[in-house]
Every structure is written in structure tokens, then in C-alpha cells.
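data.cif, holding mmCIF, C-alpha atoms:
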```cif
data_structure
loop_
_atom_site.label_atom_id
_atom_site.label_comp_id
_atom_site.auth_asym_id
_atom_site.auth_seq_id
_atom_site.Cartn_x
_atom_site.Cartn_y
_atom_site.Cartn_z
CA MET A 19 105.29 106.39 108.49
CA GLU A 20 102.03 105.66 110.30
CA ASP A 21 101.43 102.35 112.05
CA ASN A 22 104.63 100.84 110.67
CA PRO A 23 105.91 97.85 112.69
CA LEU A 24 109.40 98.30 111.27
CA LEU A 25 109.64 101.81 112.70
CA SER A 26 108.25 100.65 116.05
CA LEU A 27 111.24 98.40 116.80
CA GLY A 28 113.88 100.91 117.92
CA ASP A 29 117.60 100.33 117.34
CA GLU A 30 120.46 101.49 115.19
CA VAL A 31 118.95 101.18 111.73
CA LEU A 32 119.66 101.49 108.04
CA PRO A 33 116.26 101.92 106.36
CA ILE A 34 116.46 100.66 102.79
CA PHE A 35 114.23 100.18 99.78
CA ILE A 36 115.30 97.98 96.88
CA PHE A 37 114.12 98.57 93.34
CA ASP A 38 114.54 94.91 92.45
CA THR A 39 116.12 94.40 89.03
CA ASN A 40 114.84 90.80 88.97
CA ILE A 41 111.37 92.33 88.72
CA LEU A 42 112.01 95.63 86.96
CA ASN A 43 113.98 94.14 84.07
CA LYS A 44 110.85 92.27 82.95
CA LEU A 45 108.60 95.33 82.92
CA GLN A 46 107.73 97.79 80.19
CA LYS A 47 109.32 101.20 80.62
CA GLU A 48 105.84 102.75 80.80
CA ASP A 49 104.75 100.53 83.71
CA LYS A 50 102.43 102.63 85.88
CA ARG A 51 103.25 100.77 89.09
CA VAL A 52 106.87 101.89 89.03
CA SER A 53 105.76 105.53 88.85
CA PHE A 54 103.36 104.95 91.75
CA ILE A 55 105.99 103.19 93.86
CA PHE A 56 108.71 105.73 93.11
CA HIS A 57 106.40 108.60 94.12
CA TYR A 58 105.72 107.04 97.51
CA VAL A 59 109.29 105.85 98.10
CA TYR A 60 110.50 109.41 97.51
CA LYS A 61 107.79 110.72 99.86
CA LEU A 62 108.79 108.15 102.48
CA LYS A 63 112.39 109.29 102.19
CA GLN A 64 111.33 112.90 102.76
CA ASP A 65 109.08 111.98 105.71
CA LEU A 66 111.81 109.93 107.34
CA SER A 67 114.31 112.75 106.88
CA ALA A 68 111.92 115.15 108.62
CA CYS A 69 112.16 113.09 111.82
CA GLY A 70 115.89 112.42 111.81
CA LEU A 71 115.96 109.24 109.73
CA ASP A 72 116.41 108.63 106.01
CA LEU A 73 116.00 105.97 103.32
CA LYS A 74 118.81 104.42 101.31
CA ILE A 75 117.52 103.44 97.88
CA PHE A 76 119.07 100.61 95.88
CA TYR A 77 118.67 99.56 92.27
CA ALA A 78 119.89 95.96 92.20
CA SER A 79 118.94 92.40 92.99
CA PRO A 80 118.27 91.86 96.72
CA GLN A 81 121.03 89.24 96.85
CA ASP A 82 123.61 91.73 95.55
CA VAL A 83 122.40 94.41 97.96
CA PHE A 84 123.01 92.20 100.98
CA GLU A 85 126.37 90.99 99.66
CA TYR A 86 127.27 94.69 99.68
CA LEU A 87 125.76 95.50 103.09
CA ILE A 88 126.67 92.52 105.27
CA PRO A 89 130.44 93.28 105.42
CA GLN A 90 129.53 96.67 106.89
CA GLY A 91 128.49 95.01 110.16
CA MET A 92 124.77 94.37 109.73
CA ASP A 93 123.45 91.70 112.08
CA GLU A 94 119.81 91.41 111.06
CA VAL A 95 117.36 92.34 108.31
CA VAL A 96 113.74 92.98 109.25
CA ALA A 97 111.06 93.12 106.55
CA SER A 98 107.48 92.39 105.70
CA GLY A 99 106.70 90.44 102.56
CA ASP A 100 104.33 88.53 100.33
CA TYR A 101 103.44 84.89 99.82
CA ASP A 102 104.11 84.38 96.12
CA SER A 103 106.84 81.99 95.02
CA TYR A 104 109.36 84.70 94.08
CA ALA A 105 108.95 86.56 97.37
CA LYS A 106 109.34 83.41 99.44
CA GLU A 107 112.41 82.25 97.52
CA ARG A 108 113.95 85.74 97.76
CA ASP A 109 113.43 85.87 101.53
CA LEU A 110 114.81 82.35 101.93
CA GLN A 111 117.99 83.25 100.04
CA ILE A 112 118.51 86.37 102.14
CA SER A 113 117.97 84.37 105.34
CA HIS A 114 120.92 82.19 104.33
CA LYS A 115 123.15 85.26 104.26
CA ILE A 116 121.94 87.12 107.38
CA HIS A 117 119.44 86.64 110.21
CA PHE A 118 116.05 87.41 108.66
CA ARG A 119 113.13 88.53 110.80
CA TYR A 120 109.81 88.45 108.95
CA ILE A 121 107.14 90.81 110.27
CA GLN A 122 103.52 90.05 109.40
CA ASP A 123 102.26 93.36 108.05
CA THR A 124 100.85 92.79 104.57
CA TYR A 125 97.65 91.08 105.68
CA ILE A 126 95.33 90.99 108.70
CA PHE A 127 96.12 87.46 109.81
CA LYS A 128 99.20 85.29 109.95
CA PRO A 129 99.10 82.22 107.66
CA TYR A 130 98.50 79.78 110.54
CA GLU A 131 96.18 82.01 112.55
CA VAL A 132 92.89 80.90 110.97
CA LEU A 133 92.78 77.10 110.78
CA LYS A 134 90.16 74.37 111.15
CA GLU A 135 89.97 72.34 114.34
CA ASP A 136 92.27 69.71 112.82
CA LYS A 137 94.85 72.47 112.11
CA THR A 138 94.41 72.26 108.34
CA PRO A 139 93.58 75.31 106.21
CA TYR A 140 90.07 76.21 105.16
CA LEU A 141 89.31 75.84 101.45
CA VAL A 142 85.87 77.50 101.56
CA PHE A 143 85.55 81.18 102.29
CA THR A 144 82.41 81.30 104.47
CA PRO A 145 83.74 79.12 107.32
CA PHE A 146 87.10 80.90 107.01
CA TYR A 147 85.33 84.25 107.31
CA LYS A 148 83.32 83.16 110.38
CA LYS A 149 86.44 81.93 112.17
CA ALA A 150 88.46 84.99 111.11
CA ARG A 151 85.72 87.35 112.28
CA VAL A 152 85.80 85.81 115.77
CA ILE A 153 89.58 86.17 115.92
CA LEU A 154 89.36 89.73 114.63
CA ASN A 155 87.05 90.72 117.49
CA SER A 156 89.78 89.88 120.00
CA LYS A 157 92.70 91.11 117.92
CA LYS A 158 94.61 94.17 119.11
CA SER A 159 94.64 96.87 116.46
CA GLU A 160 96.16 99.85 118.26
CA GLU A 161 98.36 102.05 116.12
CA LEU A 162 102.03 101.14 116.41
CA LYS A 163 104.02 104.19 117.47
CA MET A 164 107.45 105.07 116.17
CA ALA A 165 110.25 104.05 118.52
CA HIS A 166 113.55 105.87 118.99
CA ASN A 167 115.71 104.78 116.07
CA ARG A 168 119.34 105.80 115.61
CA LEU A 169 120.25 106.29 111.98
CA MET A 170 123.33 104.50 110.74
CA ASP A 171 125.96 106.73 109.17
CA GLU A 172 125.63 106.15 105.41
CA ASP A 173 125.33 107.95 102.08
CA TYR A 174 121.62 108.50 101.48
CA LYS A 175 121.79 111.10 98.72
CA ALA A 176 121.61 109.05 95.52
CA ILE A 177 120.29 105.76 94.20
CA THR A 178 122.91 103.08 94.76
CA LYS A 179 123.13 100.78 91.75
CA ILE A 180 124.90 97.45 92.15
CA ASP A 181 125.41 95.21 89.13
CA ALA A 182 125.88 91.44 89.08
CA LYS A 183 129.66 91.86 89.35
CA GLY A 184 129.31 93.96 92.49
CA VAL A 185 130.22 97.24 90.79
CA VAL A 186 128.63 100.15 92.67
CA THR A 187 127.40 103.25 90.84
CA LYS A 188 125.63 106.34 92.21
CA LEU A 189 122.60 107.45 90.17
CA PRO A 190 120.54 110.65 90.38
CA LEU A 191 117.48 110.31 92.59
CA SER A 192 114.92 110.06 89.79
CA LEU A 193 112.59 107.58 88.13
CA GLU A 194 114.51 108.00 84.88
CA SER A 195 117.64 106.62 86.59
CA LEU A 196 115.78 103.30 86.78
CA GLY A 197 115.09 103.44 83.04
CA PHE A 198 111.36 104.13 83.40
CA LEU A 199 109.16 106.87 82.00
CA LYS A 200 106.96 108.82 84.38
CA GLN A 201 103.26 107.92 84.05
CA LYS A 202 100.08 109.57 85.26
CA VAL A 203 98.70 107.36 88.02
CA GLY A 204 96.28 109.65 89.86
CA ILE A 205 97.97 109.91 93.25
CA ILE A 206 95.28 110.44 95.92
CA ASN A 207 95.95 110.60 99.65
CA PRO A 208 94.66 107.30 101.10
CA HIS A 209 93.16 109.09 104.10
CA ALA A 210 91.10 111.18 101.69
CA LYS A 211 89.89 107.93 100.12
CA LEU A 212 88.80 106.70 103.55
CA GLU A 213 86.84 109.87 104.19
CA LYS A 214 85.12 109.57 100.82
CA PHE A 215 84.31 105.93 101.50
CA LYS A 216 82.64 106.95 104.77
CA GLN A 217 80.10 108.91 102.73
CA ASN A 218 79.31 105.87 100.59
CA CYS A 219 79.75 102.87 102.87
CA ASN A 220 76.02 102.46 103.57
CA LYS A 221 75.55 101.98 99.81
CA TYR A 222 78.55 99.67 99.42
CA LYS A 223 76.73 96.34 99.77
CA GLN A 224 73.94 97.10 97.29
CA MET A 225 75.76 99.35 94.82
CA ARG A 226 79.41 98.31 94.63
CA ASP A 227 78.87 96.28 91.43
CA PHE A 228 77.18 99.07 89.50
CA LEU A 229 79.53 100.78 87.08
CA TYR A 230 77.93 104.21 87.27
CA GLU A 231 78.35 104.36 91.08
CA ASP A 232 81.77 104.89 92.66
CA VAL A 233 81.04 103.56 96.14
CA GLY A 234 84.18 101.47 96.64
CA SER A 235 87.10 102.48 98.81
CA ASN A 236 89.61 102.58 95.92
CA LEU A 237 92.20 101.47 98.48
CA SER A 238 93.36 98.27 96.77
CA VAL A 239 96.55 99.88 95.46
CA ASP A 240 97.30 101.42 98.88
CA LEU A 241 96.83 98.07 100.62
CA ARG A 242 98.96 96.39 97.98
CA PHE A 243 101.93 98.73 98.38
CA GLY A 244 101.53 99.61 102.04
CA THR A 245 100.81 103.32 101.63
CA LEU A 246 98.10 102.66 104.21
CA SER A 247 98.17 99.71 106.59
CA THR A 248 95.38 97.15 106.73
CA ARG A 249 95.20 97.74 110.48
CA ALA A 250 94.60 101.46 109.92
CA VAL A 251 91.77 100.69 107.48
CA LEU A 252 90.20 98.26 109.95
CA ARG A 253 90.45 100.69 112.83
CA TYR A 254 88.80 103.37 110.75
CA VAL A 255 85.85 101.32 109.49
CA LEU A 256 85.26 99.70 112.88
CA SER A 257 85.04 103.16 114.41
CA LEU A 258 82.17 104.14 112.11
CA LYS A 259 79.21 103.69 114.40
CA GLY A 260 75.82 103.47 112.74
CA PHE A 261 77.32 102.54 109.36
CA ASP A 262 76.98 99.22 107.54
CA VAL A 263 80.69 98.34 107.40
CA GLU A 264 80.49 94.54 107.57
CA PRO A 265 80.30 93.97 103.78
CA PHE A 266 83.54 95.92 103.40
CA ILE A 267 85.24 94.06 106.27
CA ARG A 268 84.18 90.85 104.55
CA GLN A 269 86.06 91.94 101.43
CA LEU A 270 89.19 92.76 103.44
CA ILE A 271 89.03 89.26 104.92
CA PHE A 272 88.50 87.84 101.41
CA ARG A 273 91.79 89.48 100.41
CA ASP A 274 93.45 87.63 103.29
CA PHE A 275 91.75 84.38 102.26
CA TYR A 276 93.32 84.38 98.81
CA ALA A 277 96.78 85.16 100.22
CA TYR A 278 96.25 82.37 102.78
CA LEU A 279 95.37 79.88 100.02
CA LEU A 280 98.46 80.80 98.03
CA PHE A 281 100.62 80.37 101.11
CA HIS A 282 99.22 76.93 101.95
CA MET A 283 98.90 75.72 98.34
CA PRO A 284 101.70 77.40 96.35
CA ARG A 285 101.04 75.17 93.33
CA VAL A 286 97.85 77.12 92.50
CA GLU A 287 100.05 80.04 91.45
CA ASN A 288 100.26 78.50 87.99
CA LYS A 289 98.37 75.17 88.08
CA ASN A 290 94.69 74.30 88.32
CA TYR A 291 93.42 73.31 91.74
CA LYS A 292 90.83 71.08 90.07
CA TYR A 293 90.18 69.75 86.54
CA SER A 294 92.92 69.02 84.06
CA PHE A 295 91.28 70.95 81.22
CA ASN A 296 93.15 74.21 80.93
CA GLY A 297 91.76 75.96 77.90
CA ILE A 298 92.91 75.99 74.30
CA GLU A 299 95.88 78.08 73.25
CA ASP A 300 94.87 80.53 70.53
CA ARG A 301 97.25 83.44 70.09
CA GLU A 302 94.96 85.27 67.63
CA LYS A 303 92.01 85.35 70.05
CA TYR A 304 94.35 86.39 72.85
CA GLU A 305 95.69 89.36 70.88
CA ILE A 306 92.15 90.48 69.99
CA PHE A 307 91.16 90.35 73.65
CA CYS A 308 94.26 92.30 74.73
CA LYS A 309 93.47 95.07 72.25
CA GLY A 310 89.89 95.45 73.49
CA GLN A 311 88.53 94.46 70.08
CA THR A 312 86.38 91.41 70.86
CA GLY A 313 83.15 93.12 69.76
CA VAL A 314 81.65 92.56 73.23
CA PRO A 315 81.29 96.12 74.60
CA ILE A 316 81.57 95.48 78.35
CA VAL A 317 84.67 93.30 77.85
CA ASP A 318 86.37 95.73 75.49
CA ALA A 319 85.61 98.68 77.79
CA GLY A 320 87.18 96.83 80.71
CA VAL A 321 90.34 95.91 78.81
CA ARG A 322 90.74 99.49 77.58
CA GLU A 323 90.21 100.88 81.08
CA LEU A 324 92.96 98.55 82.28
CA ILE A 325 95.44 99.55 79.57
CA GLN A 326 94.73 103.27 79.86
CA THR A 327 94.50 103.63 83.65
CA GLY A 328 95.94 100.52 85.27
CA GLN A 329 92.56 99.91 86.89
CA MET A 330 89.48 97.83 86.18
CA HIS A 331 86.21 97.76 88.09
CA ASN A 332 85.90 94.53 90.08
CA ARG A 333 82.62 93.49 88.44
CA VAL A 334 84.16 94.00 85.01
CA ARG A 335 87.21 91.95 86.03
CA MET A 336 84.89 89.01 86.69
CA VAL A 337 83.00 89.49 83.43
CA ALA A 338 86.18 89.85 81.36
CA ALA A 339 87.86 86.85 83.01
CA SER A 340 84.79 84.67 82.49
CA PHE A 341 84.64 85.70 78.82
CA PHE A 342 88.37 85.02 78.43
CA THR A 343 88.26 81.53 79.96
CA LYS A 344 84.77 80.33 78.95
CA ASP A 345 83.77 82.16 75.74
CA LEU A 346 87.26 82.30 74.25
CA LEU A 347 88.42 79.13 76.04
CA LEU A 348 91.87 80.60 76.60
CA PRO A 349 94.16 79.39 79.43
CA TRP A 350 93.52 81.39 82.59
CA GLN A 351 97.28 81.73 83.09
CA TRP A 352 97.44 83.91 79.96
CA GLY A 353 94.77 86.21 81.33
CA GLU A 354 96.42 86.30 84.74
CA GLN A 355 99.70 87.38 83.16
CA PHE A 356 97.96 90.07 81.09
CA PHE A 357 96.30 91.52 84.19
CA ALA A 358 99.60 91.23 86.09
CA GLN A 359 101.28 93.32 83.40
CA HIS A 360 98.78 96.19 83.62
CA LEU A 361 97.00 96.24 87.00
CA LEU A 362 98.17 99.08 89.23
CA ASP A 363 96.94 97.15 92.29
CA PHE A 364 98.36 93.82 91.09
CA ASP A 365 98.56 91.33 93.93
CA LYS A 366 99.71 87.84 92.97
CA ALA A 367 97.39 85.98 95.33
CA SER A 368 94.27 87.98 94.50
CA ASN A 369 94.98 87.87 90.78
CA VAL A 370 95.72 84.15 90.57
CA LEU A 371 92.85 82.98 92.77
CA SER A 372 90.38 85.34 91.07
CA TRP A 373 91.33 83.98 87.65
CA GLN A 374 91.01 80.41 88.90
CA TRP A 375 87.58 81.36 90.33
CA SER A 376 86.49 82.68 86.93
CA ALA A 377 87.87 79.68 85.08
CA GLY A 378 86.17 77.31 87.51
CA THR A 379 89.48 75.56 88.22
CA GLY A 380 90.09 76.96 91.72
CA VAL A 381 89.06 76.02 95.25
CA ASP A 382 85.59 77.59 94.97
CA PRO A 383 82.94 74.84 95.37
CA GLN A 384 80.95 76.20 92.41
CA PRO A 385 81.91 73.89 89.51
CA TYR A 386 82.79 74.55 85.88
CA PHE A 387 79.33 75.52 84.63
CA ARG A 388 79.37 79.04 86.11
CA VAL A 389 79.57 81.28 83.02
CA PHE A 390 78.83 85.01 83.03
CA ASN A 391 76.67 86.31 80.18
CA PRO A 392 78.48 89.58 79.34
CA TYR A 393 75.38 91.13 77.78
CA LEU A 394 73.16 90.47 80.78
CA GLN A 395 75.94 91.71 83.04
CA SER A 396 76.31 95.01 81.18
CA LYS A 397 72.55 95.49 80.99
CA LYS A 398 72.26 95.07 84.75
CA PHE A 399 75.33 96.97 85.92
CA ASP A 400 75.78 99.55 83.14
CA LYS A 401 72.22 99.97 81.88
CA ASP A 402 72.78 103.33 80.20
CA ALA A 403 76.20 102.24 78.91
CA HIS A 404 78.01 105.17 80.52
CA TYR A 405 80.99 102.97 81.40
CA ILE A 406 81.08 101.30 77.99
CA LYS A 407 80.93 104.60 76.09
CA ARG A 408 83.57 106.17 78.31
CA PHE A 409 86.18 103.65 77.20
CA CYS A 410 84.74 102.78 73.78
CA PRO A 411 84.02 106.23 72.34
CA GLU A 412 83.28 104.76 68.91
CA LEU A 413 80.02 103.50 70.47
CA LEU A 414 78.83 106.92 71.63
CA HIS A 415 76.27 107.11 68.83
CA VAL A 416 74.80 103.66 69.54
CA GLU A 417 71.74 103.39 71.78
CA ALA A 418 72.58 101.71 75.07
CA LYS A 419 70.00 98.95 74.61
CA TYR A 420 71.81 97.70 71.51
CA LEU A 421 75.12 97.45 73.35
CA HIS A 422 73.54 94.84 75.64
CA ASP A 423 71.98 92.95 72.70
CA GLU A 424 74.17 90.23 71.23
CA ASN A 425 71.83 89.56 68.29
CA TYR A 426 71.93 93.19 67.26
CA LEU A 427 75.72 93.33 67.44
CA LEU A 428 76.07 90.07 65.50
CA ASN A 429 73.69 91.09 62.74
CA ASN A 430 74.43 94.78 62.33
CA SER A 431 77.58 96.66 61.42
CA VAL A 432 78.71 99.34 63.85
CA LYS A 433 81.10 101.87 62.35
CA ASP A 434 84.69 101.43 63.59
CA TYR A 435 83.72 98.57 65.89
CA PRO A 436 84.06 94.81 65.23
CA LYS A 437 81.29 92.25 65.41
CA PRO A 438 81.46 89.88 68.43
CA ILE A 439 84.28 87.39 68.06
CA VAL A 440 82.06 84.54 69.29
CA ASN A 441 78.40 83.77 69.88
CA HIS A 442 78.08 83.65 73.66
CA LYS A 443 75.45 80.92 73.85
CA THR A 444 77.34 78.64 71.49
CA ALA A 445 80.74 79.35 73.05
CA SER A 446 79.53 78.76 76.61
CA LYS A 447 78.02 75.40 75.60
CA ILE A 448 81.34 74.34 74.11
CA ALA A 449 83.17 75.39 77.29
CA ILE A 450 80.80 73.43 79.51
CA GLU A 451 81.21 70.34 77.33
CA CYS A 452 85.00 70.62 77.52
CA PHE A 453 84.91 70.79 81.30
CA LYS A 454 82.22 68.09 81.56
CA LYS A 455 84.41 65.65 79.64
CA ASP A 456 87.26 66.54 81.94
CA THR A 457 85.24 65.84 85.09
CA PHE A 458 84.63 62.27 83.96
CA LEU A 459 88.19 61.47 83.02
#
```
Starting from the coordinates I provided, produce the structure as C-alpha cells.
Amino acid sequence: MEDNPLLSLGDEVLPIFIFDTNILNKLQKEDKRVSFIFHYVYKLKQDLSACGLDLKIFYASPQDVFEYLIPQGMDEVVASGDYDSYAKERDLQISHKIHFRYIQDTYIFKPYEVLKEDKTPYLVFTPFYKKARVILNSKKSEELKMAHNRLMDEDYKAITKIDAKGVVTKLPLSLESLGFLKQKVGIINPHAKLEKFKQNCNKYKQMRDFLYEDVGSNLSVDLRFGTLSTRAVLRYVLSLKGFDVEPFIRQLIFRDFYAYLLFHMPRVENKNYKYSFNGIEDREKYEIFCKGQTGVPIVDAGVRELIQTGQMHNRVRMVAASFFTKDLLLPWQWGEQFFAQHLLDFDKASNVLSWQWSAGTGVDPQPYFRVFNPYLQSKKFDKDAHYIKRFCPELLHVEAKYLHDENYLLNNSVKDYPKPIVNHKTASKIAIECFKKDTFL
């Protein structure tokens, strides 16, 4: 409801939300994101009703929804969207049926707003950040106020289901009507998250990678689904005088950078930006990784956190992805799909480009030989193994120092916990050789 460009337009409107069957039909019935989205869609419906509007909820493909709506006299659809291939193709198809007005609301900058002098996109973050920061200083960020909107006369009471044959059915207004099971997702008011971040933002730069310190904003899921606008977050942090907010602003701009790269280079969604070597398919290793049973404590803890909560600390995401692509030599696309299945804050651009960064196949100038040592990483960022033991309770009785010691784990049996699936030093050498051969092809 706050700072929403759609609500600032003013006209006779039919506010709609589509639970897209093209997406939902591929998901597990326990998918946490659907519970999160349904909670906030229902809240949005209530909030709109309180000010004389409402929200019509559909369960269908977007194409079928607009085939149903257009004969009722609609003349335009206005929406904000994403840059992944499905979203762009969806919007293109709708634009062929009805005038489509795209509103830039998902990110800070428009795709062509931050370009080099020759009007080509930046491929390196630092110069992109410097240019973006200059533009940001002159960018208007006032809150968009709600205009006077007249609500179109419609039936808003139920979920409107439309099948591929155009048959319309009214469903009860519940998550179960969509065929999903309600999950615990820890709903926290995003404004409360901002207030908490204010208390920690001076520690953000130095401490955000440490697993025993919760100094992040925890707003990634809110930014992903629009429960708080990026503009609102920027206004808030920029208003904090005397606080070190620049490292956080840099991360917000980094989020834009990855979306910008996906927009300008859509092929990186599933193909390497550089190097032809793309890992070695090994279904057994993949299944072991996905169960959190690799025998590498920091990696297993991260995977289990992801499966149990839909979240994973950013530092652990990097460690786990490096282990997946370099130690296990698995294709990054497999890891990207696994994260996409479980991450509550899943964002296609951030997920894809982060996995390419870890694999060394993306736009980052650092070449293939960047390999994270998971044991050194856990020793530095989880010294007392609080994070590891939280998600791997079978390791509670093991001294923390041994959980950062590969030799100990390789040469000693730990009850109910497997030995490491690979030797890190040996595996990383093999990975580097594979990439090195590729670079000289």
C-alpha cells in the first residue's frame, strides 16, 4: 500500500493478483514462498478494502486471465515485473493482447539508466557502482502517494480459477484452494526489520559475514516480493545521519547490477558467460549435497538451514556454491536450480549471477582459480561452531576446533555423521586443472 506506483496512477481500476499456474504447477506443495506470498496478498486485499478498493485474485495462467478480462472492456494493464526470460516472455504475450504499461518498480534503476559513455552496459561492478551512486544522488525518492482510484464493479469475494479451456470456477479464499500446505515462514513486519537494522548498521560492514552476528537487514525477501519498496528502504537508510550506511547501499546497488546484467545478457540465465567447462554431471554427489550429508560441516549446515527455513546466510551461500562447483565439480546450473527450489528470497538474477560468480564462469574479472576453503571459512566466520551445531545437532558433542579441521574429519569417525566426501586440497587442484585446460582451448 505504501509507495506503490500502481496505486498512484488514479483511474477506474480492477486491482488483480494472479497465482500463476505456469509457475505453481512446478512447485512442491510445501513450498514456503507460496505461504509467504499468500499471507501478504491476503493482507493487501484487506488493506485495499479498508480504503474503498479491493483485490481480485486469480488462479490461472496470465494468458487465460486476460482472455477472460479483455472482453469486459479493459483498455490497459499496468504492472511491474522482473527481467528473467519467463517474465519477459509473459509480458510480451500479454502486450499482444492489450496495451501493456510496464512500471519500473522492482529495482532502483531502469535497465538503460546506468550505461558507459558509449551506451553499452557495464560488466564490472565497481565502475557501475560509481556511476549509479552519482545518479542516485540526483534521483527523486519521495514517497508516491495514493491517487483517487475508482473501483470497477466486480466479484472480489473468492479466488477465480480459470482452466486452459476457459472454464471459470470460484474457490474459497484460502491457500489450500491453490493446492498448497501452509508453512511456517516467520512473517516479520518489514518496518520492524528496518528499525532493527538501524541498531546494527554501524557494524554491518565489519560483521555481516560472521555467522554468530545477525547484523543484516533480513529484507531480501521483502525486496523480492515488494512487501517493502526499494525506494522506501533507500529513503530510510539515507535519512540515518551519523550512521555508516554506504556498505548497505552498495549491496542494494549490487542487487540492481545482477538484474541489469540479466536484462542485457539474457543468455547467462543458463549458459556460462566465459569458459566452456561446465562441471561434471554426477547425480550421486548431487544427492549427497542436497541432503546436507557431504561431511563438510559448514556446507551441510547451510544446506540444512535452507531446507528447514528457506534461508541461508549470504557467506554460507558463497561457501556452499564454491564447494558445489569446485570441490564436487558439479554444474552450477544444478546448484542454481536447487537454491531456486528452496530459497524464500529467490530472485532469478541474483541467484544465477551469484552461482556464476562462485563457479568462476560469470562476468566477474576474477578467473577460475578462486576457490573457497570451507574449513578456513568456517573457522573464521563460525569459530565456536554455533551455526554449524544449530543445524547439525549430531555434532553438538564435537569440539569446535575439530569441525574446522579437515584432517581430523577425514581420519576420525564422528557418530551419525559422514566423513568428507572429498579432500578439499585434492579436489580444488582438479577443478583448477579442468578450468586451466579450458582456458587454453
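For the pair CA of His422 (chain A) and CA of Phe266 (chain A), the separation is 29.5 Å.
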Please provide the set of residues having any atom within 10 Å of region 155-164 of chain A, restricted to all atoms listed in the file, with same-chain residues fewer than 4 positions apart removed, written as JSON, numbers by chain. {"A": [19, 20, 21, 22, 23, 24, 25, 26, 27, 28, 126, 127, 150, 151, 247, 248, 249, 250, 252, 253]}
Kindly provide, as a list in words, the polymer residues lying within 12 Å of (83.4, 86.5, 110.8), counting only C-alpha atoms and using the coordinates exactly as they appear in the file. Val132, Phe143, Thr144, Pro145, Phe146, Tyr147, Lys148, Lys149, Ala150, Arg151, Val152, Ile153, Leu154, Asn155, Ser156, Glu264, Pro265, Phe266, Ile267, Arg268, Gln269, Leu270, Ile271 and Phe272 of chain A
Given the file above and the PyMOL selection byres ((chain A and resi 427-438) around 12), which residues are selected, and can you give them as a PyMOL selection string? chain A and resi 303+306-307+309-318+341+345-346+392-393+410-426+439-442+445
Min atom-atom distance to Ser340 (chain A) from the set A:Gly378, A:Pro80, A:Gly184, A:Gly328, counting only C-alpha atoms, belongs to A:Gly378
Residues around (95.8, 81.4, 82.6), cut-off 9 Å, counting only C-alpha atoms - what are they as a short mmCIF file (atom, residue, chain, number, x, y, z; two decimals) with C-alpha atoms, keeping the file's coordinate frame?
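Everything below was put into selection09.cif:
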```cif
data_model
loop_
_atom_site.label_atom_id
_atom_site.label_comp_id
_atom_site.auth_asym_id
_atom_site.auth_seq_id
_atom_site.Cartn_x
_atom_site.Cartn_y
_atom_site.Cartn_z
CA ASN A 288 100.26 78.50 87.99
CA LYS A 289 98.37 75.17 88.08
CA ASN A 296 93.15 74.21 80.93
CA GLY A 297 91.76 75.96 77.90
CA THR A 343 88.26 81.53 79.96
CA LEU A 348 91.87 80.60 76.60
CA PRO A 349 94.16 79.39 79.43
CA TRP A 350 93.52 81.39 82.59
CA GLN A 351 97.28 81.73 83.09
CA TRP A 352 97.44 83.91 79.96
CA GLY A 353 94.77 86.21 81.33
CA GLU A 354 96.42 86.30 84.74
CA GLN A 355 99.70 87.38 83.16
CA VAL A 370 95.72 84.15 90.57
CA TRP A 373 91.33 83.98 87.65
CA GLN A 374 91.01 80.41 88.90
CA ALA A 377 87.87 79.68 85.08
#
```
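Closest approach to Gln329 (chain A) from the set A:Cys308, A:Val203, A:Val251, A:Ile34 is made by A:Val203, with distances taken over only C-alpha atoms.
Matched in the shown structure by the PyMOL selection byres ((chain A and resi 172) around 10): Leu32, Asp72, Leu73, Lys74, Leu169, Met170, Asp171, Asp173, Tyr174 and Lys175 of chain A.
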As a VMD selection string, please: the residues near Leu237 (chain A) (cut-off 12 Å, all atoms listed in the file, same-chain neighbours under 2 positions excluded). chain A and resid 205 to 215 233 to 235 239 to 248 250 to 251 266 269 to 270 329 362 to 363
Evaluating the PyMOL selection byres ((chain A and resi 221) around 12) on the displayed file yields which residues, as a count of residues only? 24
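Closest approach to Lys344 (chain A) from the set A:Lys179, A:His282, A:Lys259, A:Arg388 is made by A:Arg388, with distances taken over all atoms listed in the file.
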Write out as a PyMOL selection string each polymer residue whose atoms come within 9 Å of Leu42 (chain A), counting only C-alpha atoms; drop sequence neighbours fewer than 5 positions from it. chain A and resi 37+47+52+196
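Excluding Leu229 (chain A) itself and any same-chain residue fewer than 2 positions from it, the protein and nucleic acid residues within 10 Å of it, counting all atoms listed in the file, are Met225, Arg226, Asp227, Glu231, Asp232, Val233, His331, Asn332, Arg333, Val334, Ser396, Lys398, Phe399, Asp400, Lys401, Asp402, Ala403, His404, Tyr405 and Ile406 of chain A.
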Written selection (C-alpha atoms) as an mmCIF file, keeping the file's coordinate frame:
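Dumped to out_30.cif:
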```
data_model
loop_
_atom_site.group_PDB
_atom_site.id
_atom_site.type_symbol
_atom_site.label_atom_id
_atom_site.label_comp_id
_atom_site.auth_asym_id
_atom_site.auth_seq_id
_atom_site.Cartn_x
_atom_site.Cartn_y
_atom_site.Cartn_z
ATOM 1 C CA MET A 225 75.760 99.350 94.820
ATOM 2 C CA ARG A 226 79.410 98.310 94.630
ATOM 3 C CA ASP A 227 78.870 96.280 91.430
ATOM 4 C CA GLU A 231 78.350 104.360 91.080
ATOM 5 C CA ASP A 232 81.770 104.890 92.660
ATOM 6 C CA VAL A 233 81.040 103.560 96.140
ATOM 7 C CA HIS A 331 86.210 97.760 88.090
ATOM 8 C CA ASN A 332 85.900 94.530 90.080
ATOM 9 C CA ARG A 333 82.620 93.490 88.440
ATOM 10 C CA VAL A 334 84.160 94.000 85.010
ATOM 11 C CA SER A 396 76.310 95.010 81.180
ATOM 12 C CA LYS A 398 72.260 95.070 84.750
ATOM 13 C CA PHE A 399 75.330 96.970 85.920
ATOM 14 C CA ASP A 400 75.780 99.550 83.140
ATOM 15 C CA LYS A 401 72.220 99.970 81.880
ATOM 16 C CA ASP A 402 72.780 103.330 80.200
ATOM 17 C CA ALA A 403 76.200 102.240 78.910
ATOM 18 C CA HIS A 404 78.010 105.170 80.520
ATOM 19 C CA TYR A 405 80.990 102.970 81.400
ATOM 20 C CA ILE A 406 81.080 101.300 77.990
#
```
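The shortest atom-to-atom distance to Cys69 (chain A), with only C-alpha atoms taken into account, belongs to A:Ala165 out of A:Met283, A:Ile450, A:Ala165, A:Ala319.
CA of Thr124 (chain A) is found 6.6 Å from CA of Gly99 (chain A).
With CA of Ser192 (chain A) on one side and CA of Ala358 (chain A) on the other, the separation reads 24.6 Å.
Proximity of A:Gln326, A:Gln111, A:Asn369, A:Asn167 to Glu30 (chain A), computed with all atoms listed in the file, is greatest for A:Asn167.
Nearest-residue note for Phe198 (chain A): choosing from A:Thr39, A:Ser53, A:Gln395, A:Thr327, the minimum distance belongs to A:Ser53, counting only C-alpha atoms.
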